[in-house]
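Shown below: input-v5.txt, with compact mmCIF, C-alpha atoms.
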```
# COMPACT_ATOMS: atom_id res chain seq x y z
CA MET S 1 79.70 -11.43 7.57
CA THR S 2 78.78 -8.14 9.21
CA ALA S 3 75.59 -6.21 8.85
CA GLU S 4 77.44 -3.64 6.73
CA THR S 5 78.66 -6.14 4.16
CA LEU S 6 77.08 -5.78 0.75
CA THR S 7 76.27 -8.80 -1.34
CA PRO S 8 74.34 -9.16 -4.60
CA THR S 9 71.31 -10.62 -2.86
CA THR S 10 71.23 -9.13 0.61
CA GLN S 11 72.45 -5.57 0.76
CA ARG S 12 72.39 -3.43 3.83
CA VAL S 13 72.05 0.28 4.33
CA ARG S 14 72.34 2.20 7.54
CA PRO S 15 69.05 3.11 9.21
CA ALA S 16 67.02 5.85 7.59
CA GLY S 17 67.78 9.23 9.04
CA GLN S 18 71.49 8.63 9.52
CA PRO S 19 73.81 10.90 7.51
CA ASP S 20 75.06 8.20 5.16
CA HIS S 21 71.69 6.63 4.50
CA GLU S 22 70.85 8.51 1.32
CA ARG S 23 74.36 8.22 -0.06
CA GLU S 24 74.35 4.47 0.46
CA MET S 25 70.87 4.10 -0.93
CA ARG S 26 71.85 6.06 -4.01
CA ARG S 27 74.89 3.86 -4.51
CA LEU S 28 72.82 0.70 -4.19
CA LEU S 29 70.32 2.03 -6.69
CA VAL S 30 73.03 2.88 -9.18
CA GLU S 31 74.63 -0.53 -8.73
CA ILE S 32 71.41 -2.36 -9.38
CA ILE S 33 70.44 -0.48 -12.54
CA PRO S 34 71.88 -3.16 -14.89
CA SER S 35 69.88 -5.86 -13.12
CA LEU S 36 66.76 -3.71 -13.13
CA ARG S 37 67.14 -3.26 -16.88
CA ALA S 38 67.59 -7.00 -17.35
CA PHE S 39 64.50 -7.82 -15.32
CA ALA S 40 62.44 -5.20 -17.12
CA ARG S 41 63.66 -6.38 -20.52
CA GLY S 42 62.65 -9.91 -19.69
CA LEU S 43 59.22 -8.82 -18.56
CA CYS S 44 58.55 -6.45 -21.46
CA GLY S 45 60.44 -8.04 -24.32
CA ASN S 46 61.03 -4.55 -25.67
CA ARG S 47 64.17 -2.51 -25.02
CA ASP S 48 62.67 0.97 -24.98
CA LEU S 49 59.61 0.08 -22.94
CA ALA S 50 61.79 -1.89 -20.56
CA ASP S 51 64.08 1.06 -19.98
CA ASP S 52 61.04 3.26 -19.36
CA LEU S 53 59.82 0.72 -16.83
CA ALA S 54 63.22 0.46 -15.15
CA GLN S 55 63.51 4.24 -14.90
CA GLU S 56 60.04 4.53 -13.45
CA ALA S 57 60.88 1.84 -10.92
CA LEU S 58 64.10 3.61 -10.06
CA ALA S 59 62.22 6.84 -9.49
CA LYS S 60 59.66 5.09 -7.31
CA ALA S 61 62.38 3.40 -5.28
CA TRP S 62 64.26 6.65 -4.80
CA ALA S 63 61.10 8.44 -3.75
CA ALA S 64 60.34 5.62 -1.31
CA ARG S 65 63.92 5.22 -0.10
CA ASN S 66 63.05 5.97 3.49
CA SER S 67 60.57 3.12 3.51
CA PHE S 68 63.30 0.57 2.84
CA GLN S 69 63.98 -1.35 6.02
CA PRO S 70 67.71 -1.72 6.68
CA GLY S 71 68.64 -5.34 7.09
CA THR S 72 66.07 -6.56 4.61
CA ASN S 73 66.75 -7.69 1.07
CA PHE S 74 67.36 -4.62 -1.08
CA ARG S 75 67.38 -6.55 -4.35
CA ALA S 76 64.02 -8.16 -3.57
CA TRP S 77 62.65 -4.79 -2.44
CA ILE S 78 63.41 -2.96 -5.65
CA PHE S 79 62.52 -5.88 -7.91
CA ARG S 80 59.16 -5.97 -6.20
CA ILE S 81 58.69 -2.27 -6.93
CA LEU S 82 59.51 -2.87 -10.58
CA ARG S 83 57.22 -5.86 -11.06
CA ASN S 84 54.33 -4.21 -9.22
CA HIS S 85 54.70 -1.16 -11.44
CA PHE S 86 54.89 -3.42 -14.49
CA TYR S 87 51.61 -5.11 -13.66
CA THR S 88 49.86 -1.89 -12.70
CA THR S 89 50.93 -0.20 -15.90
CA ALA S 90 50.30 -3.24 -18.05
CA VAL S 91 46.75 -3.50 -16.81
CA VAL S 92 46.04 0.20 -17.28
CA GLN S 93 47.81 0.79 -20.57
CA LYS S 94 48.31 -2.71 -21.97
CA ARG S 95 51.56 -1.36 -23.37
CA PHE S 96 54.10 -3.88 -22.24
CA ILE S 97 52.84 -7.05 -23.83
CA SER S 98 54.58 -6.44 -27.08
CA LEU S 99 57.75 -7.56 -28.71
CA ASP S 100 60.67 -5.47 -29.74
CA PRO S 101 59.95 -4.43 -33.37
CA GLU S 102 63.07 -6.20 -34.60
CA VAL S 103 62.16 -9.35 -32.76
CA ALA S 104 58.57 -9.12 -33.96
CA GLU S 105 59.77 -8.91 -37.54
CA ARG S 106 61.87 -12.02 -37.11
CA THR S 107 58.89 -13.71 -35.50
CA LEU S 108 57.00 -13.32 -38.76
CA THR S 109 59.76 -14.81 -40.85
CA SER S 110 61.12 -17.63 -38.74
CA LEU S 111 60.04 -20.59 -36.74
CA PRO S 112 61.17 -21.55 -33.26
CA ASN S 113 64.45 -23.38 -32.94
CA GLN S 114 64.28 -26.67 -34.82
CA GLY S 115 67.06 -28.82 -33.47
CA GLY S 116 69.93 -26.41 -33.96
CA GLU S 117 71.71 -24.32 -31.37
CA LEU S 118 69.37 -22.53 -29.04
CA MET S 119 68.74 -19.08 -30.44
CA LEU S 120 68.37 -16.30 -27.96
CA GLU S 121 65.93 -14.52 -30.22
CA ASP S 122 63.70 -17.57 -30.13
CA LEU S 123 64.02 -17.67 -26.38
CA GLN S 124 63.09 -14.01 -26.08
CA ARG S 125 60.02 -14.64 -28.21
CA GLY S 126 59.17 -17.73 -26.24
CA LEU S 127 59.37 -15.83 -22.98
CA GLN S 128 56.70 -13.46 -24.19
CA THR S 129 54.35 -16.37 -24.86
CA LEU S 130 54.44 -17.43 -21.21
CA ALA S 131 51.98 -16.36 -18.58
CA ALA S 132 53.50 -13.32 -16.90
CA GLU S 133 53.82 -14.99 -13.52
CA GLN S 134 55.76 -17.86 -15.06
CA ARG S 135 57.96 -15.49 -17.03
CA GLU S 136 58.93 -13.44 -14.00
CA ALA S 137 59.60 -16.53 -11.87
CA LEU S 138 61.89 -18.01 -14.51
CA LEU S 139 63.71 -14.74 -15.01
CA LEU S 140 64.26 -14.20 -11.32
CA MET S 141 65.52 -17.73 -10.81
CA GLU S 142 68.01 -17.54 -13.66
CA SER S 143 69.13 -14.14 -12.37
CA GLY S 144 70.47 -16.03 -9.37
CA MET S 145 67.69 -15.46 -6.88
CA GLN S 146 66.75 -18.12 -4.38
CA TRP S 147 63.23 -19.46 -4.17
CA ASN S 148 62.47 -17.59 -0.99
CA GLU S 149 63.64 -14.34 -2.58
CA ILE S 150 61.42 -14.93 -5.59
CA ALA S 151 58.54 -15.56 -3.21
CA GLU S 152 59.35 -12.26 -1.52
CA VAL S 153 59.39 -10.37 -4.80
CA THR S 154 56.23 -11.91 -6.18
CA GLY S 155 54.30 -12.16 -2.93
CA VAL S 156 53.35 -15.82 -3.28
CA PRO S 157 54.25 -18.95 -1.28
CA LEU S 158 57.36 -21.00 -2.05
CA GLY S 159 55.28 -23.84 -3.44
CA THR S 160 53.67 -21.49 -5.93
CA VAL S 161 57.07 -20.20 -6.99
CA LYS S 162 58.28 -23.75 -7.64
CA SER S 163 55.15 -24.57 -9.58
CA ARG S 164 55.44 -21.48 -11.76
CA ILE S 165 59.07 -22.21 -12.53
CA THR S 166 58.35 -25.81 -13.43
CA ARG S 167 55.39 -24.94 -15.62
CA GLY S 168 57.14 -21.99 -17.21
CA ARG S 169 60.19 -24.02 -18.08
CA ALA S 170 58.03 -26.77 -19.56
CA ALA S 171 56.03 -24.28 -21.61
CA LEU S 172 59.18 -22.60 -22.85
CA ARG S 173 60.66 -25.95 -23.79
CA ARG S 174 57.51 -26.80 -25.74
CA TYR S 175 57.78 -23.49 -27.54
CA MET S 176 61.42 -24.04 -28.40
CA ASP S 177 60.59 -27.53 -29.61
CA GLY S 178 58.00 -26.07 -31.94
CA THR S 179 54.93 -27.15 -30.04
CA PRO S 180 53.66 -23.88 -28.55
CA ASP S 181 51.47 -23.92 -25.51
CA ASP S 182 47.86 -22.87 -25.88
CA ALA S 183 48.10 -20.45 -22.99
CA ALA S 184 48.04 -16.79 -23.94
CA PRO S 185 50.26 -14.25 -22.19
CA ALA S 186 48.69 -12.96 -19.01
CA ALA S 187 49.04 -9.36 -17.94
CA ARG S 188 48.37 -10.07 -14.31
CA PRO S 189 49.42 -13.05 -12.23
CA GLY S 190 46.55 -15.01 -10.82
CA MET T 191 52.41 -29.62 -0.49
CA ASN T 192 55.85 -29.49 1.07
CA ASP T 193 57.24 -26.03 0.41
CA GLU T 194 60.22 -26.39 2.68
CA PRO T 195 63.63 -25.95 1.04
CA VAL T 196 65.66 -29.06 0.48
CA ALA T 197 69.20 -29.23 1.84
CA VAL T 198 71.89 -29.31 -0.81
CA PRO T 199 75.53 -30.40 -0.65
CA ALA T 200 77.95 -27.71 0.49
CA ALA T 201 79.53 -27.48 -2.93
CA ASP T 202 76.19 -26.50 -4.40
CA HIS T 203 75.73 -23.45 -2.25
CA GLU T 204 79.19 -22.51 -1.11
CA ALA T 205 78.73 -18.99 -2.47
CA ALA T 206 75.28 -18.58 -0.99
CA GLU T 207 74.45 -15.99 1.62
CA PRO T 208 74.59 -17.42 5.13
CA GLY T 209 71.08 -18.37 6.10
CA ALA T 210 69.86 -18.24 2.53
CA VAL T 211 67.40 -20.86 1.41
CA PRO T 212 69.17 -22.98 -1.20
CA ARG T 213 67.60 -24.17 -4.36
CA ALA T 214 66.61 -27.80 -4.39
CA PRO T 215 69.13 -30.14 -6.05
CA ASP T 216 66.76 -31.00 -8.87
CA ALA T 217 66.26 -27.35 -9.74
CA ARG T 218 69.99 -26.62 -9.75
CA LEU T 219 70.74 -29.72 -11.75
CA ALA T 220 68.06 -28.90 -14.26
CA SER T 221 69.32 -25.35 -14.56
CA ALA T 222 72.93 -26.45 -14.99
CA LYS T 223 72.08 -28.78 -17.86
CA ASP T 224 69.08 -27.07 -19.38
CA PRO T 225 69.88 -25.05 -22.51
CA ILE T 226 66.81 -22.94 -21.83
CA ALA T 227 68.10 -22.00 -18.40
CA LEU T 228 71.51 -21.24 -19.84
CA GLY T 229 69.90 -19.16 -22.55
CA LEU T 230 67.90 -17.18 -20.03
CA ARG T 231 71.08 -16.46 -18.11
CA ARG T 232 72.75 -15.30 -21.31
CA LEU T 233 69.83 -12.99 -22.05
CA TRP T 234 70.00 -11.55 -18.54
CA ALA T 235 73.78 -11.18 -18.57
CA GLY T 236 73.70 -9.61 -22.01
CA VAL T 237 71.46 -6.80 -20.79
CA GLU T 238 73.49 -6.34 -17.63
CA GLN T 239 76.64 -5.90 -19.69
CA GLU T 240 75.14 -3.21 -21.90
CA THR T 241 76.20 0.36 -21.32
CA VAL T 242 73.63 1.98 -19.05
CA PRO T 243 71.97 4.98 -20.73
CA GLU T 244 72.82 8.31 -19.13
CA ASP T 245 69.12 8.85 -18.43
CA PHE T 246 69.40 6.43 -15.56
CA PHE T 247 72.18 8.33 -13.87
CA ARG T 248 70.45 11.66 -14.30
CA ILE T 249 67.14 10.51 -12.93
CA LEU T 250 68.15 10.51 -9.27
CA ASP T 251 69.57 14.02 -9.52
CA ASP T 252 66.45 15.19 -11.31
CA ILE T 253 64.24 13.75 -8.62
CA ASP T 254 66.30 15.34 -5.89
CA ALA T 255 66.22 18.69 -7.68
CA ARG T 256 62.45 18.54 -8.01
CA ALA T 257 62.12 17.57 -4.37
CA THR T 258 64.25 20.52 -3.33
CA GLU T 259 62.21 22.90 -5.48
CA ALA T 260 59.01 21.59 -4.00
CA ASP T 261 60.28 21.79 -0.44
CA PRO T 262 63.20 24.24 -0.10
CA ALA T 263 63.09 23.85 3.68
CA ALA T 264 64.20 20.26 3.33
CA ASN T 265 67.79 21.31 2.68
CA ARG T 266 68.07 23.92 5.39
CA PRO T 267 70.37 23.09 8.29
```

Show how you would write the structure in this file as C-alpha cells.
Amino acid sequence: MTAETLTPTTQRVRPAGQPDHEREMRRLLVEIIPSLRAFARGLCGNRDLADDLAQEALAKAWAARNSFQPGTNFRAWIFRILRNHFYTTAVVQKRFISLDPEVAERTLTSLPNQGGELMLEDLQRGLQTLAAEQREALLLMESGMQWNEIAEVTGVPLGTVKSRITRGRAALRRYMDGTPDDAAPAARPG
Amino acid sequence: MNDEPVAVPAADHEAAEPGAVPRAPDARLASAKDPIALGLRRLWAGVEQETVPEDFFRILDDIDARATEADPAANRP
C-alpha cells in the first residue's frame, strides 16, 4: 500500500501547502460526513442536535485543515475534533444529554427489551444511560475502529479503552435485560 | 495491566490496515455474537445510509466564502 492510498481508517493527504492539499482535504471531509453524523447521533441521541454537532465539527476541521498532519489517521483526527467539541459544548450548554423527542416519548410508554428481538430504539435509549466515555468507546469500536485508534480519539491509554468498552457493554446489557445500572450519564469523561 | 494488543489469526484481521493493532480475539468474538454489538452496528450503519442534508455540503463553501471576504488577499496569485 502506498502513502497515497486511501482507506476507511488511515487516509492520507498530500502535505499542506501543496496545490492538491485543500482539494483532497475537502474530499476526505465530504466522504466522512456520514460517519461523523453517525458518531454524533450516538453521542447525542438526538438527530437535530447531532447534525448541529457534526456540522460544527466539520467547520472546525475545515478551519483547522492545515493543522492535519499528512500520514496520520484522518478518521481519528476528525472524530477527536467532534468528541472534544461535544464535551466542551455539553459542559457549557448541557444541551446534548437529551433524547430525541420521539424516542423520549417511547421511553415513557415502554420498557426495555424483555426477551424479544433486540429493539434498536431500546438500544438507543440504553446508550444514553451510559457514562459518556463508555458510550463513545462502544460506538467507536462498533464503527470498526481498532483499540489504538479509539485511544487516539479519546486521548486515553489502551487499557482504559478496553475497560470502558467492557463496562459499557455490561451496563448496556443490564439495561436491555431490564436491570438498569445506577450510574447516571456523565457529560465529561473522567 | 497489560495493554499490549493480542495477536489474532490472519482470518480475523485480513482486511485490517497493515500495521494496525488488531482487536483481541475475545473482543471480536464477543462482538460477532453479541446482539448489542450487532445492534450498535445497525444503528451506526442506519445513520450512515441516510441521505446527507444539503447543509453539510454547503458548509465548506460557506466557510471558504467567509474566509475570502475576511482576507481577500488570500486568493490573489

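Our summary of the geometry notes that atom CA of Gly42 of chain S is positioned 24.9 Å from atom CA of Phe68 of chain S.
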
**Study point:** Residues of chain T within 6 Å of chain S, counting only C-alpha atoms, as a PyMOL selection string
**Key:** chain T and resi 193+231+234+237-238

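Of note, atom CA of Thr154 of chain S and atom CA of Ile78 of chain S are spaced 11.5 Å apart.
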
Point to revise | Between atom CA of Asp20 of chain S and atom CA of Ala57 of chain S - distance in Å to one decimal | key: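 Separating atom CA of Ala57 of chain S from atom CA of Asp20 of chain S is a distance of 22.4 Å.
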
Practice item. Can you work out which one of S:Arg27, S:Asp177, S:Thr72, S:Leu43 has the shortest atom-to-atom distance to Leu130 of chain S, counting all atoms listed in the file? Key: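 Under the stated criterion, the closest residue is S:Leu43.
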
Repaired coordinates for segment 56-84 of chain S (N, CA and C atoms) as a PDB file, in the frame of the given file:
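Dumped everything to result_36.pdb:
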```pdb
ATOM      1  N   GLU S  56      61.177   4.218 -14.323  1.00  0.00           N
ATOM      2  CA  GLU S  56      60.040   4.530 -13.450  1.00  0.00           C
ATOM      3  C   GLU S  56      60.187   3.809 -12.105  1.00  0.00           C
ATOM      4  N   ALA S  57      60.665   2.583 -12.166  1.00  0.00           N
ATOM      5  CA  ALA S  57      60.880   1.840 -10.920  1.00  0.00           C
ATOM      6  C   ALA S  57      61.981   2.477 -10.088  1.00  0.00           C
ATOM      7  N   LEU S  58      63.002   2.937 -10.757  1.00  0.00           N
ATOM      8  CA  LEU S  58      64.100   3.610 -10.060  1.00  0.00           C
ATOM      9  C   LEU S  58      63.591   4.872  -9.363  1.00  0.00           C
ATOM     10  N   ALA S  59      62.770   5.616 -10.073  1.00  0.00           N
ATOM     11  CA  ALA S  59      62.220   6.840  -9.490  1.00  0.00           C
ATOM     12  C   ALA S  59      61.334   6.521  -8.287  1.00  0.00           C
ATOM     13  N   LYS S  60      60.527   5.482  -8.426  1.00  0.00           N
ATOM     14  CA  LYS S  60      59.660   5.090  -7.310  1.00  0.00           C
ATOM     15  C   LYS S  60      60.495   4.650  -6.109  1.00  0.00           C
ATOM     16  N   ALA S  61      61.539   3.889  -6.381  1.00  0.00           N
ATOM     17  CA  ALA S  61      62.380   3.400  -5.280  1.00  0.00           C
ATOM     18  C   ALA S  61      63.090   4.555  -4.588  1.00  0.00           C
ATOM     19  N   TRP S  62      63.563   5.510  -5.390  1.00  0.00           N
ATOM     20  CA  TRP S  62      64.260   6.650  -4.800  1.00  0.00           C
ATOM     21  C   TRP S  62      63.287   7.488  -3.963  1.00  0.00           C
ATOM     22  N   ALA S  63      62.098   7.662  -4.493  1.00  0.00           N
ATOM     23  CA  ALA S  63      61.100   8.440  -3.750  1.00  0.00           C
ATOM     24  C   ALA S  63      60.704   7.737  -2.455  1.00  0.00           C
ATOM     25  N   ALA S  64      60.757   6.404  -2.488  1.00  0.00           N
ATOM     26  CA  ALA S  64      60.340   5.620  -1.310  1.00  0.00           C
ATOM     27  C   ALA S  64      61.528   5.130  -0.505  1.00  0.00           C
ATOM     28  N   ARG S  65      62.687   5.754  -0.701  1.00  0.00           N
ATOM     29  CA  ARG S  65      63.920   5.220  -0.100  1.00  0.00           C
ATOM     30  C   ARG S  65      63.851   5.130   1.418  1.00  0.00           C
ATOM     31  N   ASN S  66      63.123   6.022   2.025  1.00  0.00           N
ATOM     32  CA  ASN S  66      63.050   5.970   3.490  1.00  0.00           C
ATOM     33  C   ASN S  66      62.162   4.847   4.003  1.00  0.00           C
ATOM     34  N   SER S  67      61.417   4.236   3.091  1.00  0.00           N
ATOM     35  CA  SER S  67      60.570   3.120   3.510  1.00  0.00           C
ATOM     36  C   SER S  67      61.322   1.797   3.463  1.00  0.00           C
ATOM     37  N   PHE S  68      62.515   1.808   2.870  1.00  0.00           N
ATOM     38  CA  PHE S  68      63.300   0.570   2.840  1.00  0.00           C
ATOM     39  C   PHE S  68      63.808   0.267   4.249  1.00  0.00           C
ATOM     40  N   GLN S  69      63.582  -0.944   4.678  1.00  0.00           N
ATOM     41  CA  GLN S  69      63.980  -1.350   6.020  1.00  0.00           C
ATOM     42  C   GLN S  69      65.407  -1.907   5.993  1.00  0.00           C
ATOM     43  N   PRO S  70      66.332  -1.206   6.629  1.00  0.00           N
ATOM     44  CA  PRO S  70      67.710  -1.720   6.680  1.00  0.00           C
ATOM     45  C   PRO S  70      67.740  -3.141   7.244  1.00  0.00           C
ATOM     46  N   GLY S  71      68.550  -3.965   6.646  1.00  0.00           N
ATOM     47  CA  GLY S  71      68.640  -5.340   7.090  1.00  0.00           C
ATOM     48  C   GLY S  71      67.767  -6.286   6.303  1.00  0.00           C
ATOM     49  N   THR S  72      66.879  -5.708   5.476  1.00  0.00           N
ATOM     50  CA  THR S  72      66.070  -6.560   4.610  1.00  0.00           C
ATOM     51  C   THR S  72      66.726  -6.623   3.232  1.00  0.00           C
ATOM     52  N   ASN S  73      66.141  -7.383   2.364  1.00  0.00           N
ATOM     53  CA  ASN S  73      66.750  -7.690   1.070  1.00  0.00           C
ATOM     54  C   ASN S  73      66.484  -6.552   0.079  1.00  0.00           C
ATOM     55  N   PHE S  74      67.517  -5.772  -0.194  1.00  0.00           N
ATOM     56  CA  PHE S  74      67.360  -4.620  -1.080  1.00  0.00           C
ATOM     57  C   PHE S  74      66.967  -5.047  -2.485  1.00  0.00           C
ATOM     58  N   ARG S  75      67.642  -6.098  -2.986  1.00  0.00           N
ATOM     59  CA  ARG S  75      67.380  -6.550  -4.350  1.00  0.00           C
ATOM     60  C   ARG S  75      65.907  -6.974  -4.499  1.00  0.00           C
ATOM     61  N   ALA S  76      65.423  -7.727  -3.518  1.00  0.00           N
ATOM     62  CA  ALA S  76      64.020  -8.160  -3.570  1.00  0.00           C
ATOM     63  C   ALA S  76      63.095  -6.949  -3.461  1.00  0.00           C
ATOM     64  N   TRP S  77      63.470  -5.988  -2.638  1.00  0.00           N
ATOM     65  CA  TRP S  77      62.650  -4.790  -2.440  1.00  0.00           C
ATOM     66  C   TRP S  77      62.454  -4.029  -3.752  1.00  0.00           C
ATOM     67  N   ILE S  78      63.538  -3.776  -4.448  1.00  0.00           N
ATOM     68  CA  ILE S  78      63.410  -2.960  -5.650  1.00  0.00           C
ATOM     69  C   ILE S  78      62.851  -3.759  -6.827  1.00  0.00           C
ATOM     70  N   PHE S  79      63.137  -5.051  -6.871  1.00  0.00           N
ATOM     71  CA  PHE S  79      62.520  -5.880  -7.910  1.00  0.00           C
ATOM     72  C   PHE S  79      61.011  -5.935  -7.722  1.00  0.00           C
ATOM     73  N   ARG S  80      60.598  -5.960  -6.459  1.00  0.00           N
ATOM     74  CA  ARG S  80      59.160  -5.970  -6.200  1.00  0.00           C
ATOM     75  C   ARG S  80      58.514  -4.660  -6.666  1.00  0.00           C
ATOM     76  N   ILE S  81      59.195  -3.562  -6.447  1.00  0.00           N
ATOM     77  CA  ILE S  81      58.690  -2.270  -6.930  1.00  0.00           C
ATOM     78  C   ILE S  81      58.539  -2.299  -8.436  1.00  0.00           C
ATOM     79  N   LEU S  82      59.551  -2.838  -9.114  1.00  0.00           N
ATOM     80  CA  LEU S  82      59.510  -2.870 -10.580  1.00  0.00           C
ATOM     81  C   LEU S  82      58.372  -3.748 -11.087  1.00  0.00           C
ATOM     82  N   ARG S  83      58.260  -4.948 -10.535  1.00  0.00           N
ATOM     83  CA  ARG S  83      57.220  -5.860 -11.060  1.00  0.00           C
ATOM     84  C   ARG S  83      55.829  -5.370 -10.726  1.00  0.00           C
ATOM     85  N   ASN S  84      55.650  -4.767  -9.550  1.00  0.00           N
ATOM     86  CA  ASN S  84      54.330  -4.210  -9.220  1.00  0.00           C
ATOM     87  C   ASN S  84      53.970  -3.085 -10.177  1.00  0.00           C
TER      88      ASN S  84
END
```
